[in-house]
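Structure data (mmCIF, C-alpha atoms) from my_file-v7.cif:
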data_upload
loop_
_atom_site.label_atom_id
_atom_site.label_comp_id
_atom_site.auth_asym_id
_atom_site.auth_seq_id
_atom_site.Cartn_x
_atom_site.Cartn_y
_atom_site.Cartn_z
CA MET A 796 5.95 -36.59 -33.08
CA THR A 797 4.75 -34.68 -30.04
CA ASP A 798 1.69 -32.50 -29.85
CA GLN A 799 3.92 -29.48 -29.91
CA GLU A 800 5.57 -30.61 -33.09
CA THR A 801 2.26 -31.49 -34.61
CA ARG A 802 1.01 -28.00 -33.95
CA ALA A 803 4.20 -26.52 -35.31
CA THR A 804 3.82 -28.32 -38.57
CA GLU A 805 0.12 -27.86 -39.07
CA GLY A 806 -0.65 -26.44 -42.45
CA THR A 807 2.41 -28.00 -44.04
CA ALA A 808 3.16 -31.43 -45.40
CA PRO A 809 3.06 -34.08 -42.66
CA GLU A 810 6.71 -35.08 -42.98
CA GLN A 811 8.14 -31.56 -42.79
CA PRO A 812 9.90 -31.05 -39.46
CA THR A 813 10.66 -27.68 -38.01
CA ASP A 814 14.30 -26.85 -37.44
CA ALA A 815 13.68 -27.48 -33.74
CA THR A 816 12.44 -30.94 -34.55
CA LEU A 817 15.35 -31.53 -36.88
CA SER A 818 17.72 -30.44 -34.12
CA ARG A 819 16.20 -32.97 -31.73
CA GLU A 820 16.43 -35.70 -34.34
CA LEU A 821 20.06 -34.91 -35.02
CA THR A 822 20.84 -34.84 -31.29
CA ARG A 823 19.36 -38.30 -30.83
CA LEU A 824 21.18 -39.48 -33.94
CA LEU A 825 24.55 -38.28 -32.65
CA ARG A 826 24.12 -40.14 -29.37
CA GLY A 827 24.11 -43.36 -31.37
CA VAL A 828 27.24 -42.64 -33.38
CA PRO A 829 30.14 -44.89 -32.30
CA GLY A 830 32.73 -42.85 -30.45
CA VAL A 831 30.36 -40.05 -29.46
CA VAL A 832 30.12 -40.03 -25.68
CA ASP A 833 27.86 -37.03 -25.27
CA VAL A 834 26.35 -34.08 -27.11
CA PHE A 835 26.62 -30.49 -25.88
CA ASP A 836 24.55 -27.49 -26.77
CA ALA A 837 25.96 -25.95 -29.93
CA HIS A 838 23.60 -22.99 -30.07
CA PRO A 839 25.06 -19.52 -29.64
CA VAL A 840 25.09 -18.54 -25.96
CA VAL A 841 22.15 -16.13 -26.00
CA GLU A 842 20.04 -18.46 -28.10
CA ALA A 843 20.90 -21.35 -25.80
CA ALA A 844 19.81 -19.37 -22.74
CA VAL A 845 16.47 -18.59 -24.36
CA LYS A 846 16.02 -22.24 -25.20
CA VAL A 847 16.70 -23.25 -21.61
CA VAL A 848 13.98 -20.89 -20.41
CA ALA A 849 11.65 -22.15 -23.08
CA ALA A 850 12.38 -25.74 -22.13
CA GLU A 851 11.60 -24.99 -18.48
CA LEU A 852 8.27 -23.55 -19.53
CA ASP A 853 7.46 -26.53 -21.68
CA LEU A 854 8.74 -29.73 -20.12
CA ARG A 855 7.27 -32.07 -22.67
CA GLU A 856 10.49 -32.46 -24.62
CA ALA A 857 14.07 -31.32 -24.17
CA PRO A 858 15.37 -28.95 -26.82
CA GLY A 859 17.71 -30.24 -29.47
CA LEU A 860 21.37 -29.49 -28.92
CA VAL A 861 22.44 -29.37 -32.56
CA ASP A 862 22.33 -25.89 -34.04
CA VAL A 863 20.37 -25.73 -37.29
CA ASP A 864 20.55 -22.44 -39.11
CA ARG A 865 19.24 -21.43 -42.54
CA SER A 866 20.36 -18.33 -44.32
CA GLU A 867 20.82 -17.29 -47.95
CA GLY A 868 20.51 -20.71 -49.46
CA LEU A 869 22.77 -22.31 -46.89
CA LEU A 870 21.78 -24.80 -44.24
CA SER A 871 24.34 -24.97 -41.46
CA VAL A 872 24.30 -27.82 -39.01
CA ALA A 873 26.68 -27.46 -36.06
CA ALA A 874 27.25 -29.99 -33.31
CA HIS A 875 29.45 -30.05 -30.22
CA VAL A 876 30.31 -33.47 -28.87
CA ALA A 877 32.37 -35.36 -26.32
CA THR A 878 34.35 -38.17 -27.91
CA ASP A 879 35.50 -41.50 -26.58
CA LEU A 880 39.12 -41.59 -25.44
CA ALA A 881 39.37 -45.15 -26.72
CA GLN A 882 38.70 -44.17 -30.32
CA PRO A 883 40.57 -41.68 -32.52
CA THR A 884 38.64 -38.43 -32.35
CA PRO A 885 39.10 -37.45 -36.02
CA GLU A 886 37.42 -40.69 -37.07
CA THR A 887 34.60 -40.16 -34.61
CA LEU A 888 34.05 -36.63 -35.87
CA ALA A 889 33.98 -37.84 -39.48
CA ARG A 890 31.40 -40.50 -38.59
CA ALA A 891 29.29 -37.93 -36.79
CA ALA A 892 29.43 -35.52 -39.70
CA ALA A 893 28.52 -38.26 -42.17
CA ALA A 894 25.55 -39.28 -40.04
CA LEU A 895 24.31 -35.71 -39.80
CA ARG A 896 24.65 -35.14 -43.52
CA GLU A 897 22.93 -38.40 -44.37
CA HIS A 898 20.01 -37.62 -42.09
CA VAL A 899 19.55 -34.15 -43.50
CA ALA A 900 19.76 -35.51 -47.04
CA GLY A 901 17.18 -38.12 -46.13
CA ARG A 902 14.88 -35.38 -44.92
CA ALA A 903 15.34 -33.57 -48.18
CA ALA A 904 14.38 -36.68 -50.09
CA ALA A 905 11.29 -37.12 -47.89
CA GLY A 906 9.70 -33.96 -49.19
CA PRO A 907 10.16 -30.28 -49.93
CA GLY A 908 11.11 -28.34 -46.85
CA GLY A 909 11.90 -31.49 -44.96
CA GLY A 910 15.62 -31.06 -45.10
CA PRO A 911 18.06 -28.82 -46.85
CA GLY A 912 15.65 -27.59 -49.49
CA GLU A 913 13.92 -24.26 -49.12
CA PRO A 914 10.14 -24.39 -48.61
CA GLY A 915 9.73 -23.73 -52.30
CA GLY A 916 11.80 -26.74 -53.12
CA ALA A 917 14.96 -24.87 -54.12
CA SER A 918 18.18 -26.72 -53.40
CA THR A 919 20.28 -25.61 -50.47
CA GLU A 920 23.89 -26.28 -49.76
CA VAL A 921 24.49 -28.04 -46.47
CA VAL A 922 27.50 -27.28 -44.31
CA VAL A 923 28.10 -29.64 -41.41
CA SER A 924 30.48 -28.79 -38.61
CA VAL A 925 31.29 -31.03 -35.67
CA THR A 926 33.53 -29.95 -32.81
CA ALA A 927 34.99 -32.17 -30.12
CA ARG A 928 34.91 -30.18 -26.89
CA LEU A 929 35.89 -33.02 -24.62
CA VAL A 930 37.67 -36.35 -24.92
CA GLU A 931 36.96 -38.75 -22.09
CA GLU A 932 36.35 -42.34 -21.13
CA ARG A 933 32.87 -43.54 -21.85
CA ARG A 934 30.96 -43.79 -18.58
CA GLU A 935 28.32 -46.44 -18.98
CA SER A 936 26.14 -44.85 -16.32
CA ALA A 937 26.35 -41.39 -17.83
CA ALA A 938 23.00 -39.87 -18.62
CA PRO A 939 22.54 -37.63 -21.63
CA ALA A 940 23.57 -34.02 -21.25
CA GLU A 941 20.30 -32.56 -22.41
CA MET B 469 49.25 -40.44 -7.13
CA THR B 470 47.25 -43.12 -8.85
CA PRO B 471 48.16 -43.70 -12.47
CA VAL B 472 45.19 -43.23 -14.80
CA ASP B 473 46.65 -44.97 -17.79
CA SER B 474 49.84 -46.90 -17.59
CA ALA B 475 49.79 -48.21 -21.15
CA PRO B 476 53.20 -47.84 -22.78
CA PRO B 477 53.28 -44.97 -25.25
CA PRO B 478 53.67 -45.90 -28.91
CA GLY B 479 56.81 -44.85 -30.66
CA ASP B 480 59.67 -42.79 -29.45
CA PRO B 481 59.70 -39.41 -31.12
CA GLU B 482 63.31 -38.86 -32.03
CA GLY B 483 64.68 -35.41 -32.38
CA LEU B 484 62.52 -33.81 -29.75
CA PRO B 485 64.42 -31.36 -27.59
CA ASP B 486 65.63 -32.15 -24.13
CA ALA B 487 63.61 -31.03 -21.19
CA PRO B 488 64.50 -27.68 -19.71
CA THR B 489 65.11 -27.96 -16.01
CA ASP B 490 63.56 -24.75 -14.88
CA GLY B 491 60.80 -22.41 -15.89
CA ASP B 492 58.24 -19.95 -14.73
CA LEU B 493 55.59 -20.85 -12.25
CA PRO B 494 52.03 -20.36 -13.42
CA ASP B 495 50.30 -17.25 -12.22
CA ALA B 496 49.41 -18.13 -8.70
CA ALA B 497 46.94 -16.49 -6.41
CA THR B 498 48.91 -15.84 -3.27
CA ASP B 499 46.42 -14.36 -0.86
CA GLY B 500 42.95 -15.09 0.43
CA ASP B 501 41.77 -17.79 2.75
CA LEU B 502 43.68 -20.76 1.52
CA PRO B 503 42.85 -24.06 3.14
CA GLY B 504 46.01 -25.79 2.03
CA ALA B 505 45.97 -29.23 0.56
CA ASP B 506 42.43 -30.12 1.46
CA LEU B 507 41.41 -30.91 -2.09
CA PRO B 508 39.00 -31.08 -3.65
CA GLY B 509 36.57 -30.00 -0.92
CA ASP B 510 37.47 -26.40 -0.26
CA LEU B 511 39.57 -24.99 -3.00
CA PRO B 512 41.86 -22.02 -2.63
CA GLY B 513 41.24 -19.04 -4.81
CA ASP B 514 37.48 -18.78 -4.64
CA ASP B 515 37.64 -16.46 -1.65
CA LEU B 516 40.05 -14.14 -3.37
CA PRO B 517 39.05 -10.56 -4.09
CA GLY B 518 37.21 -10.31 -7.37
CA ALA B 519 36.39 -14.00 -7.39
CA ALA B 520 33.12 -13.50 -9.23
CA ALA B 521 31.94 -14.18 -12.74
CA VAL B 522 35.41 -14.16 -14.25
CA GLU B 523 36.37 -17.12 -12.10
CA THR B 524 33.41 -19.29 -12.85
CA ILE B 525 33.20 -22.02 -15.42
CA ASP B 526 29.85 -21.80 -17.14
CA GLY B 527 28.50 -20.29 -13.93
CA PHE B 528 30.16 -22.69 -11.48
CA THR B 529 33.19 -22.10 -9.29
CA LEU B 530 35.81 -24.78 -8.86
CA ASP B 531 34.49 -25.12 -5.32
CA ASP B 532 31.04 -25.93 -6.70
CA LEU B 533 32.52 -28.52 -9.01
CA ALA B 534 34.69 -30.02 -6.28
CA ASP B 535 31.65 -30.35 -4.04
CA TYR B 536 29.73 -31.98 -6.86
CA LEU B 537 32.60 -34.40 -7.39
CA GLU B 538 32.69 -35.23 -3.68
CA ARG B 539 29.00 -36.09 -3.84
CA GLY B 540 29.83 -38.64 -6.51
CA ARG B 541 28.22 -36.42 -9.18
CA SER B 542 24.89 -37.23 -7.62
CA PRO B 543 22.21 -36.09 -7.87
CA ARG B 544 23.11 -35.43 -11.45
CA ASP B 545 23.24 -31.74 -12.30
CA PRO B 546 22.38 -31.32 -16.00
CA ARG B 547 23.86 -27.82 -16.04
CA ILE B 548 27.25 -29.18 -15.03
CA GLU B 549 27.08 -32.38 -17.04
CA GLY B 550 25.87 -30.43 -20.06
CA SER B 551 28.88 -28.12 -19.98
CA ALA B 552 32.03 -29.29 -21.74
CA ASP B 553 34.09 -26.81 -19.74
CA CYS B 554 32.74 -28.06 -16.43
CA ARG B 555 33.34 -31.64 -17.47
CA LEU B 556 36.96 -30.82 -18.32
CA ALA B 557 37.38 -29.22 -14.92
CA LEU B 558 35.84 -32.27 -13.24
CA GLN B 559 38.33 -34.47 -15.07
CA ALA B 560 41.24 -32.44 -13.77
CA LEU B 561 39.90 -32.25 -10.22
CA GLU B 562 39.16 -35.94 -10.17
CA ARG B 563 42.76 -36.78 -10.92
CA LEU B 564 44.05 -34.16 -8.53
CA ALA B 565 42.15 -35.44 -5.51
CA PRO B 566 44.35 -38.45 -4.70
CA LEU B 567 47.40 -36.25 -5.02
CA SER B 568 46.20 -34.01 -2.24
CA ARG B 569 45.67 -36.85 0.11
CA ALA B 570 48.95 -38.50 -0.70
CA SER B 571 51.71 -36.07 -1.38
CA LEU B 572 50.46 -32.59 -0.87
CA GLU B 573 49.26 -32.87 2.71
CA GLN B 574 52.72 -33.64 3.92
CA GLU B 575 54.13 -30.77 1.93
CA ALA B 576 51.45 -28.47 3.27
CA GLU B 577 52.48 -29.28 6.81
CA ARG B 578 56.09 -28.70 5.98
CA GLU B 579 55.71 -25.45 4.07
CA PRO B 580 52.07 -24.41 4.29
CA ASP B 581 52.38 -20.94 2.81
CA ARG B 582 54.39 -22.04 -0.16
CA ASP B 583 52.21 -25.05 -0.81
CA GLU B 584 48.93 -23.20 -0.57
CA ALA B 585 50.15 -20.71 -3.10
CA TRP B 586 51.28 -23.50 -5.37
CA ILE B 587 47.92 -25.25 -5.18
CA ALA B 588 46.09 -22.00 -5.76
CA GLY B 589 48.22 -21.43 -8.83
CA LEU B 590 47.53 -24.91 -10.11
CA LEU B 591 43.78 -24.47 -9.70
CA GLU B 592 43.91 -21.08 -11.35
CA THR B 593 45.68 -22.67 -14.30
CA ILE B 594 43.11 -25.44 -14.54
CA ARG B 595 40.33 -22.90 -14.46
CA GLY B 596 41.92 -21.06 -17.37
CA GLU B 597 42.72 -24.15 -19.38
CA VAL B 598 39.26 -25.69 -19.49
CA VAL B 599 37.67 -22.80 -21.31
CA GLY B 600 37.32 -23.20 -25.08
CA GLY B 601 40.23 -21.48 -26.76
CA ARG B 602 41.00 -21.85 -30.42
CA ASP B 603 39.52 -24.51 -32.68
CA ILE B 604 42.07 -27.01 -33.93
CA PRO B 605 40.98 -28.12 -37.40
CA VAL B 606 40.68 -31.78 -38.31
CA GLY B 607 40.90 -32.11 -42.06
CA HIS B 608 38.10 -33.59 -44.14
CA PRO B 609 38.06 -34.14 -47.91
CA ASP B 610 34.64 -32.49 -48.27
CA PRO B 611 35.02 -28.73 -47.90
CA ARG B 612 31.41 -28.55 -46.74
CA THR B 613 32.35 -30.58 -43.68
CA VAL B 614 34.23 -28.78 -40.93
CA LEU B 615 35.68 -30.84 -38.10
CA SER B 616 37.62 -29.53 -35.14
CA VAL B 617 38.83 -30.16 -31.62
CA THR B 618 38.88 -27.30 -29.15
CA GLU B 619 42.14 -26.19 -27.67
CA ALA B 620 40.69 -26.86 -24.21
CA ALA B 621 39.95 -30.46 -25.14
CA ALA B 622 43.51 -30.85 -26.44
CA ARG B 623 44.91 -29.35 -23.24
CA GLY B 624 42.77 -31.82 -21.35
CA LEU B 625 44.42 -34.65 -23.26
CA VAL B 626 47.86 -33.36 -22.34
CA ARG B 627 46.88 -32.98 -18.69
CA ARG B 628 45.53 -36.50 -18.70
CA ALA B 629 48.80 -37.79 -20.19
CA GLY B 630 50.82 -36.01 -17.53
CA ASP B 631 48.67 -37.02 -14.60
CA ALA B 632 48.79 -40.63 -15.79
CA LEU B 633 52.51 -40.76 -15.05
CA ASP B 634 53.43 -41.83 -11.56
CA GLY B 635 55.20 -39.04 -9.73
CA VAL B 636 53.96 -36.23 -11.97
CA ILE B 637 51.55 -33.38 -11.37
CA LEU B 638 50.99 -31.50 -14.58
CA THR B 639 50.94 -27.81 -13.81
CA SER B 640 50.23 -26.11 -17.11
CA THR B 641 50.04 -26.64 -20.86
CA THR B 642 50.42 -24.17 -23.68
CA PHE B 643 50.44 -24.63 -27.42
CA ASP B 644 52.84 -22.29 -29.18
CA GLY B 645 51.97 -21.89 -32.83
CA ASP B 646 48.98 -21.36 -35.07
CA VAL B 647 46.96 -24.34 -33.89
CA ASP B 648 44.00 -23.12 -35.93
CA VAL B 649 46.00 -23.36 -39.17
CA PRO B 650 46.18 -26.90 -40.59
CA GLY B 651 49.72 -28.22 -40.68
CA ALA B 652 51.27 -25.27 -38.88
CA PRO B 653 54.11 -26.34 -36.58
CA VAL B 654 53.17 -26.37 -32.93
CA VAL B 655 55.37 -26.61 -29.87
CA VAL B 656 53.72 -28.03 -26.78
CA ARG B 657 55.07 -26.58 -23.55
CA VAL B 658 54.20 -28.41 -20.37
CA THR B 659 55.20 -27.57 -16.84
CA ILE B 660 55.17 -30.27 -14.21
CA ALA B 661 55.97 -30.91 -10.59
CA ALA B 662 57.74 -34.20 -9.95
CA ARG B 663 58.29 -36.39 -6.97
CA TYR B 664 61.76 -36.04 -5.49
CA GLY B 665 64.19 -38.76 -6.44
CA LEU B 666 62.82 -39.57 -9.87
CA ASP B 667 65.05 -39.47 -12.92
CA LEU B 668 63.75 -36.22 -14.36
CA GLN B 669 65.24 -36.72 -17.80
CA ARG B 670 63.63 -40.13 -18.09
CA LEU B 671 60.38 -38.81 -16.71
CA ALA B 672 60.37 -35.98 -19.23
CA ASP B 673 61.02 -38.42 -22.07
CA ARG B 674 58.08 -40.60 -20.99
CA LEU B 675 55.81 -37.61 -20.68
CA ARG B 676 56.90 -36.37 -24.08
CA ARG B 677 56.00 -39.71 -25.67
CA GLN B 678 52.63 -39.80 -23.91
CA VAL B 679 51.76 -36.30 -25.03
CA VAL B 680 52.79 -36.92 -28.62
CA ALA B 681 50.79 -40.15 -28.72
CA ALA B 682 47.65 -38.57 -27.26
CA LEU B 683 47.70 -35.59 -29.58
CA ALA B 684 48.46 -37.74 -32.62
CA THR B 685 45.48 -39.96 -31.84
CA HIS B 686 42.94 -37.26 -31.17
CA THR B 687 44.05 -34.20 -33.13
CA ARG B 688 45.85 -33.32 -36.33
CA LEU B 689 48.27 -30.97 -34.64
CA ALA B 690 51.69 -30.88 -36.27
CA VAL B 691 53.67 -31.20 -33.05
CA THR B 692 57.32 -30.41 -33.66
CA ALA B 693 58.46 -30.45 -30.05
CA VAL B 694 57.26 -31.05 -26.53
CA ASP B 695 59.17 -28.93 -24.05
CA VAL B 696 58.94 -30.20 -20.51
CA THR B 697 59.79 -27.90 -17.62
CA VAL B 698 60.04 -29.33 -14.13
CA ASP B 699 59.38 -26.38 -11.87
CA ASP B 700 58.89 -28.11 -8.55
CA VAL B 701 59.55 -31.34 -6.68
CA TRP B 702 57.87 -32.85 -3.69
CA LEU B 703 58.94 -35.53 -1.24
CA ALA B 704 57.23 -38.88 -1.38
CA SER B 705 55.29 -39.60 1.78
CA ASP B 706 54.35 -42.83 3.44
CA VAL B 707 50.86 -42.26 2.14
CA ASP B 708 52.26 -42.30 -1.37
CA HIS B 709 53.57 -45.78 -0.84
CA ASP B 710 50.29 -46.93 0.72
CA LEU B 711 48.33 -45.66 -2.25
CA GLU B 712 50.67 -46.78 -4.95
CA GLY B 713 52.20 -49.91 -3.52
CA GLY B 714 55.60 -48.28 -3.53
CA ALA B 715 57.11 -45.52 -5.55
CA ARG B 716 58.52 -46.36 -8.92
#
Please render this file's structure as structure tokens.
Amino acid sequence: MTDQETRATEGTAPEQPTDATLSRELTRLLRGVPGVVDVFDAHPVVEAAVKVVAAELDLREAPGLVDVDRSEGLLSVAAHVATDLAQPTPETLARAAAALREHVAGRAAAGPGGGPGEPGGASTEVVVSVTARLVEERRESAAPAE
Amino acid sequence: MTPVDSAPPPGDPEGLPDAPTDGDLPDAATDGDLPGADLPGDLPGDDLPGAAAVETIDGFTLDDLADYLERGRSPRDPRIEGSADCRLALQALERLAPLSRASLEQEAEREPDRDEAWIAGLLETIRGEVVGGRDIPVGHPDPRTVLSVTEAAARGLVRRAGDALDGVILTSTTFDGDVDVPGAPVVVRVTIAARYGLDLQRLADRLRRQVVAALATHTRLAVTAVDVTVDDVWLASDVDHDLEGGAR
């Protein structure tokens, strides 16, 4: 965990990540899912622009590209990915969604507020959406998009 | 043209309609300072009146992207590489580049005005096709999991399938139908330019199979037909044979 994250979580349980931290974790996770070639920014346009500015001001860590949003007892996790031409995209998307859900569930099990649960510990429904915005050959030399 | 993927398409979709033999040209920009077939360095269309924000792809013109491609995508620009739309445009431009050197230059010398307009129209179509569009749902048994493929990504698959065929330049792709409704019937309409002398019916059949196979692998679209319109032909040049080892 970076200094920034440490500061962000001060005063709460040690294992409770902010949504920004969770987004970064999920972005890294997606990059390791078989068939996922790249991850694109899934934040709404205005929010993404603000994050770019924020990232330029604080170069210690790139912002997460997975959109994490909590509202009215619902945790929405949205990801935009490029998928590998050599693998069926529906299967890749299903794997990606399963990985996201498992990670979020794992966070929930780690402690209140760590994942889908509200800070008070109330249960929250998790909706995971994954969109393929590009299908292409995997380029071994390709660097991450973030 | 250099084939991208010459793997034989699986299956032969019976019952698909025959290819129409004519059709409408895509909306083509017909004025401005058009450099002809010098792709992808200077692209026609970007000097046209009003060529501002509406003609950019996530803030980049096709000229910007063509320049970036010519530099071998180096140094890496994270704003371009982080944009799905730009990446789709790069894909299309990358496959278009050999075409310009091979077939289009000769055509440009023969009929420069006509060819410049045609290229401008093609680029305009690419610019329009790489931007998002509708979400095509991919079913999942858990209603709390929503999977989809963008219409732009699907159009990219069709363009790839077309450009992979020797003697074909895919001009435009449209999906007719409610692609955002699971199971709704969809007709894919593709327009192509073909090299003179090819068996157009056979070419259309091959393209149809390639398109059906690509969309079946990567989407859940219920494709009921693939209509292929050949709206232009070009003459094979000596350069074609040099590049391809002989026309098929």
Residue list for chain A near chain B as a PyMOL selection string, 12 Å, all atoms listed in the file: chain A and resi 830+832-837+840+843-844+847+857+860+869-896+920-932+936-941
Residue nearest A:Arg823 among A:Ala900, A:Arg934, A:Gly859, A:Glu867 (counting all atoms listed in the file): A:Gly859
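Once the PyMOL selection byres ((chain B and resi 629) around 10) is applied to the shown structure, the selection contains Pro471, Val472, Asp473, Ser474, Pro477, Arg623, Gly624, Leu625, Val626, Arg627, Arg628, Gly630, Asp631, Ala632, Leu633, Val636, Leu638, Arg674, Leu675, Arg676, Arg677, Gln678, Val679, Val680, Ala681, Ala682 and Leu683 of chain B.
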Spatial sel., origin (32.5, -31.2, -10.5), limit 10 Å, all atoms listed in the file, listed as a PyMOL selection string: chain B and resi 508+528-541+545+548-549+554-562
Among listed residues B:Tyr664, B:Glu592, B:Leu564, B:Leu689, nearest B:Trp702 (using all atoms listed in the file): B:Tyr664
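Take atom CA of B:Gly645 and atom CA of B:Thr697: the distance between them is 18.1 Å.
Taking atom CA of A:Leu817 and atom CA of A:His838 as the two end points, the separation is 13.7 Å.
Picture a line from atom CA of B:Val691 to atom CA of B:Thr659; it runs 16.7 Å.
The residues returned by the PyMOL selection byres ((chain B and resi 666) around 10) on the shown structure are Asp634, Gly635, Val636, Ala662, Arg663, Tyr664, Gly665, Asp667, Leu668, Gln669, Arg670, Leu671, Val701, Ala715 and Arg716 of chain B.
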